[in-house]
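Raw contents of data24.txt, compact mmCIF, C-alpha atoms:
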```
# COMPACT_ATOMS: atom_id res chain seq x y z
CA GLU A 1 0.00 0.00 0.00
CA LEU A 2 2.87 2.39 0.81
CA GLU A 3 4.52 1.64 -2.53
CA ARG A 4 1.23 2.31 -4.31
CA ALA A 5 0.89 5.66 -2.52
CA ARG A 6 4.43 6.61 -3.56
CA LYS A 7 3.68 5.77 -7.19
CA ARG A 8 0.52 7.86 -7.08
CA GLU A 9 2.42 10.79 -5.60
CA SER A 10 5.11 10.46 -8.26
CA LYS A 11 2.52 10.41 -11.04
CA LEU A 12 0.74 13.41 -9.55
CA VAL A 13 4.02 15.35 -9.59
CA ALA A 14 4.41 14.35 -13.25
CA VAL A 15 0.92 15.69 -13.94
CA PHE A 16 1.72 19.03 -12.31
CA SER A 17 4.99 19.22 -14.26
CA ALA A 18 3.11 18.66 -17.51
CA ILE A 19 0.53 21.30 -16.59
CA ASP A 20 3.32 23.80 -15.90
CA ALA A 21 5.04 22.92 -19.17
CA ARG A 22 1.77 23.31 -21.07
CA ALA A 23 1.17 26.75 -19.55
CA ASP A 24 4.73 27.79 -20.42
CA ALA A 25 4.34 26.54 -23.99
CA GLU A 26 1.00 28.33 -24.37
CA ALA A 27 2.55 31.62 -23.21
CA ALA A 28 5.56 31.16 -25.52
CA LEU A 29 3.18 30.47 -28.41
CA GLY A 30 1.23 33.59 -27.54
CA GLU A 31 4.38 35.70 -27.44
CA ALA A 32 5.36 34.51 -30.91
CA LEU A 33 1.85 35.19 -32.21
CA ILE A 34 1.90 38.68 -30.69
CA GLU A 35 5.20 39.37 -32.44
CA LEU A 36 3.69 38.27 -35.74
CA LYS A 37 0.68 40.54 -35.11
CA ASP A 38 3.09 43.39 -34.42
CA LEU A 39 4.64 42.68 -37.82
CA GLY A 40 1.24 43.27 -39.41
CA VAL A 41 -0.22 39.77 -39.64
CA ALA A 42 -3.94 39.77 -38.90
CA GLN A 43 -5.16 37.42 -36.17
CA ALA A 44 -7.39 35.54 -38.62
CA ASP A 45 -4.38 35.07 -40.90
CA LEU A 46 -2.37 33.74 -37.95
CA ALA A 47 -4.96 31.02 -37.48
CA GLU A 48 -4.91 30.12 -41.15
CA MET A 49 -1.10 30.17 -41.38
CA THR A 50 -0.56 28.03 -38.29
CA GLY A 51 -3.46 25.63 -38.58
CA LEU A 52 -4.71 26.74 -35.18
CA SER A 53 -8.31 27.69 -34.62
CA ALA A 54 -9.14 31.35 -34.04
CA ARG A 55 -10.02 30.36 -30.48
CA GLU A 56 -6.59 28.75 -29.94
CA VAL A 57 -4.82 31.82 -31.32
CA GLY A 58 -6.82 34.09 -29.02
CA ALA A 59 -6.23 31.86 -25.99
CA ALA A 60 -2.47 31.78 -26.60
CA ILE A 61 -2.33 35.55 -26.98
CA ARG A 62 -4.32 35.98 -23.75
CA ALA A 63 -2.00 33.55 -21.95
CA ALA A 64 1.03 35.59 -23.02
CA LYS A 65 -0.60 38.87 -22.01
CA ASP A 66 -1.71 37.42 -18.66
CA ARG A 67 1.78 36.15 -17.98
CA ALA A 68 3.26 39.53 -18.88
CA ALA A 69 0.73 41.29 -16.62
CA THR A 70 1.65 39.09 -13.65
CA GLY A 71 5.38 39.42 -14.27
CA ASP A 72 5.88 35.71 -15.00
CA GLN A 73 8.23 34.87 -17.83
CA ALA A 74 8.12 32.13 -20.43
CA PRO A 75 10.99 29.62 -20.21
CA GLU A 76 12.92 31.08 -23.16
CA THR A 77 13.23 34.44 -21.43
CA THR A 78 14.64 33.31 -18.09
CA ASP A 79 17.29 30.91 -16.85
CA GLU A 80 15.57 30.52 -13.48
CA GLN A 81 12.50 28.56 -14.66
CA PRO A 82 13.72 25.03 -13.78
CA SER A 83 14.42 25.94 -10.15
CA ASP A 84 11.06 27.74 -9.92
CA MET A 85 9.32 24.65 -11.23
CA ALA A 86 11.12 22.44 -8.74
CA SER A 87 10.00 24.61 -5.85
CA ASP A 88 6.42 24.55 -7.13
CA HIS A 89 6.44 20.79 -7.18
CA ASN A 90 7.84 20.50 -3.69
CA GLY A 91 4.81 22.47 -2.55
CA ALA A 92 2.54 20.24 -4.60
CA GLU A 93 4.01 17.12 -3.01
CA SER A 94 3.23 18.31 0.48
CA HIS A 95 -0.51 18.64 -0.20
```
Would you mind giving the structure from this file in structure tokens?
Amino acid sequence: ELERARKRESKLVAVFSAIDARADAEAALGEALIELKDLGVAQADLAEMTGLSAREVGAAIRAAKDRAATGDQAPETTDEQPSDMASDHNGAESH
């Protein structure tokens, strides 16, 4: 039973790591899309060019703007992300 609980905890940490990575990727995608918009590409064209839906383009742009508003940085723009992620997961493990 103890071994099973350890495996569950380990898998839960993996889930939280994947969620963090997904959020980071979404914000990085949004930043790239914003840069393309700044270069004059219309949002509808971004969807067509990338194969993303208009909803996905909008969500990624919002994620990047939200991250910028809160002061968080996407992984490409900081060297400190891995240690931040590790500390987040230590907190997740204790719950």
Problem - Atom pair atom CA of A:Asp66 / atom CA of A:Leu39: separation (Å) - result: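 Value for the atom CA of A:Asp66-atom CA of A:Leu39 distance: 20.9 Å.
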Residues near A:Ala27, cut-off 7 Å, only C-alpha atoms, skip fewer than 5 positions along chain, as a PDB file with C-alpha atoms, in the coordinates of the input:
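The resulting file, out.pdb, is reproduced below:
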```pdb
ATOM      1  CA  ALA A  60      -2.470  31.780 -26.600  1.00  0.00           C
ATOM      2  CA  ALA A  63      -2.000  33.550 -21.950  1.00  0.00           C
ATOM      3  CA  ALA A  64       1.030  35.590 -23.020  1.00  0.00           C
ATOM      4  CA  ARG A  67       1.780  36.150 -17.980  1.00  0.00           C
ATOM      5  CA  ALA A  74       8.120  32.130 -20.430  1.00  0.00           C
TER       6      ALA A  74
END
```
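Shortest separation to A:Leu33 among A:Met49, A:Ile61, A:Ser17, A:Glu56 occurs at residue A:Ile61, atoms counted being all atoms listed in the file.
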Practice task
Could you check how far atom CA of A:Gln43 sits from atom CA of A:Arg62, in Å to one decimal?
Solution key: 12.5 Å
Practice task
Could you check how far atom CA of A:Arg22 sits from atom CA of A:Arg4, in Å to one decimal?
Solution key: 26.9 Å
Exercise for the section: Tell me which protein, DNA and RNA residues are within 12 Å of A:Ala42, counting only C-alpha atoms, leaving out same-chain ones fewer than 5 positions away, and put them as a list in words. Expected result: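 That gives Leu33, Ile34, Glu35, Leu36, Lys37, Ala47, Glu48, Met49, Ala54, Val57 and Gly58 of chain A.
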Using the file's own x, y and z axes, so that the box edges lie along x, y and z, what centre and edge lengths in Å (one decimal) does a box around every listed atom of stretch 36-41 of chain A get when 3 Å is added on each side? Give it as lines of an AutoDock Vina configuration file.
```
center_x = 2.2
center_y = 40.8
center_z = -37.0
size_x = 10.9
size_y = 11.1
size_z = 11.2
```
Practice task
Kindly indicate which residue among A:Leu29, A:Ile19, A:Ala14, A:Ala5 lies nearest to A:Lys65, using all atoms listed in the file for the distances.
Solution key: A:Leu29
Step by step: locate stretch 16-41 of chain A in the block above, keep N, CA and C atoms, then write the file as a PDB file, in the first residue's frame.
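Output file out_35.pdb follows:
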```pdb
ATOM      1  N   PHE A  16       1.509  17.609 -12.560  1.00  0.00           N
ATOM      2  CA  PHE A  16       1.723  19.034 -12.313  1.00  0.00           C
ATOM      3  C   PHE A  16       2.863  19.583 -13.172  1.00  0.00           C
ATOM      4  N   SER A  17       3.895  18.802 -13.389  1.00  0.00           N
ATOM      5  CA  SER A  17       4.995  19.224 -14.263  1.00  0.00           C
ATOM      6  C   SER A  17       4.490  19.439 -15.686  1.00  0.00           C
ATOM      7  N   ALA A  18       3.656  18.535 -16.156  1.00  0.00           N
ATOM      8  CA  ALA A  18       3.109  18.659 -17.507  1.00  0.00           C
ATOM      9  C   ALA A  18       2.191  19.870 -17.615  1.00  0.00           C
ATOM     10  N   ILE A  19       1.410  20.121 -16.587  1.00  0.00           N
ATOM     11  CA  ILE A  19       0.534  21.301 -16.591  1.00  0.00           C
ATOM     12  C   ILE A  19       1.368  22.568 -16.651  1.00  0.00           C
ATOM     13  N   ASP A  20       2.428  22.637 -15.859  1.00  0.00           N
ATOM     14  CA  ASP A  20       3.324  23.802 -15.895  1.00  0.00           C
ATOM     15  C   ASP A  20       3.943  23.963 -17.278  1.00  0.00           C
ATOM     16  N   ALA A  21       4.403  22.867 -17.856  1.00  0.00           N
ATOM     17  CA  ALA A  21       5.035  22.924 -19.172  1.00  0.00           C
ATOM     18  C   ALA A  21       4.035  23.378 -20.227  1.00  0.00           C
ATOM     19  N   ARG A  22       2.800  22.910 -20.110  1.00  0.00           N
ATOM     20  CA  ARG A  22       1.765  23.306 -21.068  1.00  0.00           C
ATOM     21  C   ARG A  22       1.491  24.808 -20.957  1.00  0.00           C
ATOM     22  N   ALA A  23       1.409  25.315 -19.744  1.00  0.00           N
ATOM     23  CA  ALA A  23       1.171  26.750 -19.546  1.00  0.00           C
ATOM     24  C   ALA A  23       2.337  27.568 -20.103  1.00  0.00           C
ATOM     25  N   ASP A  24       3.551  27.102 -19.889  1.00  0.00           N
ATOM     26  CA  ASP A  24       4.733  27.794 -20.417  1.00  0.00           C
ATOM     27  C   ASP A  24       4.720  27.789 -21.945  1.00  0.00           C
ATOM     28  N   ALA A  25       4.375  26.651 -22.529  1.00  0.00           N
ATOM     29  CA  ALA A  25       4.336  26.542 -23.986  1.00  0.00           C
ATOM     30  C   ALA A  25       3.238  27.438 -24.560  1.00  0.00           C
ATOM     31  N   GLU A  26       2.100  27.483 -23.907  1.00  0.00           N
ATOM     32  CA  GLU A  26       1.000  28.330 -24.368  1.00  0.00           C
ATOM     33  C   GLU A  26       1.412  29.801 -24.355  1.00  0.00           C
ATOM     34  N   ALA A  27       2.094  30.232 -23.291  1.00  0.00           N
ATOM     35  CA  ALA A  27       2.549  31.620 -23.206  1.00  0.00           C
ATOM     36  C   ALA A  27       3.614  31.912 -24.258  1.00  0.00           C
ATOM     37  N   ALA A  28       4.533  30.972 -24.498  1.00  0.00           N
ATOM     38  CA  ALA A  28       5.564  31.160 -25.523  1.00  0.00           C
ATOM     39  C   ALA A  28       4.922  31.245 -26.908  1.00  0.00           C
ATOM     40  N   LEU A  29       3.924  30.416 -27.154  1.00  0.00           N
ATOM     41  CA  LEU A  29       3.184  30.470 -28.411  1.00  0.00           C
ATOM     42  C   LEU A  29       2.522  31.829 -28.561  1.00  0.00           C
ATOM     43  N   GLY A  30       1.887  32.291 -27.504  1.00  0.00           N
ATOM     44  CA  GLY A  30       1.225  33.589 -27.541  1.00  0.00           C
ATOM     45  C   GLY A  30       2.194  34.719 -27.815  1.00  0.00           C
ATOM     46  N   GLU A  31       3.373  34.658 -27.209  1.00  0.00           N
ATOM     47  CA  GLU A  31       4.384  35.701 -27.442  1.00  0.00           C
ATOM     48  C   GLU A  31       4.794  35.737 -28.909  1.00  0.00           C
ATOM     49  N   ALA A  32       4.988  34.568 -29.500  1.00  0.00           N
ATOM     50  CA  ALA A  32       5.363  34.511 -30.915  1.00  0.00           C
ATOM     51  C   ALA A  32       4.228  35.040 -31.792  1.00  0.00           C
ATOM     52  N   LEU A  33       2.995  34.700 -31.445  1.00  0.00           N
ATOM     53  CA  LEU A  33       1.850  35.193 -32.209  1.00  0.00           C
ATOM     54  C   LEU A  33       1.717  36.712 -32.089  1.00  0.00           C
ATOM     55  N   ILE A  34       1.954  37.230 -30.894  1.00  0.00           N
ATOM     56  CA  ILE A  34       1.900  38.678 -30.693  1.00  0.00           C
ATOM     57  C   ILE A  34       2.961  39.366 -31.548  1.00  0.00           C
ATOM     58  N   GLU A  35       4.146  38.785 -31.614  1.00  0.00           N
ATOM     59  CA  GLU A  35       5.203  39.368 -32.438  1.00  0.00           C
ATOM     60  C   GLU A  35       4.814  39.379 -33.917  1.00  0.00           C
ATOM     61  N   LEU A  36       4.156  38.308 -34.352  1.00  0.00           N
ATOM     62  CA  LEU A  36       3.687  38.274 -35.737  1.00  0.00           C
ATOM     63  C   LEU A  36       2.605  39.324 -35.973  1.00  0.00           C
ATOM     64  N   LYS A  37       1.702  39.488 -34.992  1.00  0.00           N
ATOM     65  CA  LYS A  37       0.680  40.539 -35.115  1.00  0.00           C
ATOM     66  C   LYS A  37       1.341  41.907 -35.205  1.00  0.00           C
ATOM     67  N   ASP A  38       2.370  42.114 -34.395  1.00  0.00           N
ATOM     68  CA  ASP A  38       3.095  43.389 -34.417  1.00  0.00           C
ATOM     69  C   ASP A  38       3.770  43.639 -35.764  1.00  0.00           C
ATOM     70  N   LEU A  39       4.047  42.557 -36.492  1.00  0.00           N
ATOM     71  CA  LEU A  39       4.644  42.678 -37.825  1.00  0.00           C
ATOM     72  C   LEU A  39       3.572  42.855 -38.903  1.00  0.00           C
ATOM     73  N   GLY A  40       2.313  42.970 -38.475  1.00  0.00           N
ATOM     74  CA  GLY A  40       1.242  43.268 -39.413  1.00  0.00           C
ATOM     75  C   GLY A  40       0.401  42.093 -39.859  1.00  0.00           C
ATOM     76  N   VAL A  41       0.583  40.925 -39.262  1.00  0.00           N
ATOM     77  CA  VAL A  41      -0.216  39.768 -39.640  1.00  0.00           C
ATOM     78  C   VAL A  41      -1.525  39.820 -38.848  1.00  0.00           C
TER      79      VAL A  41
END
```
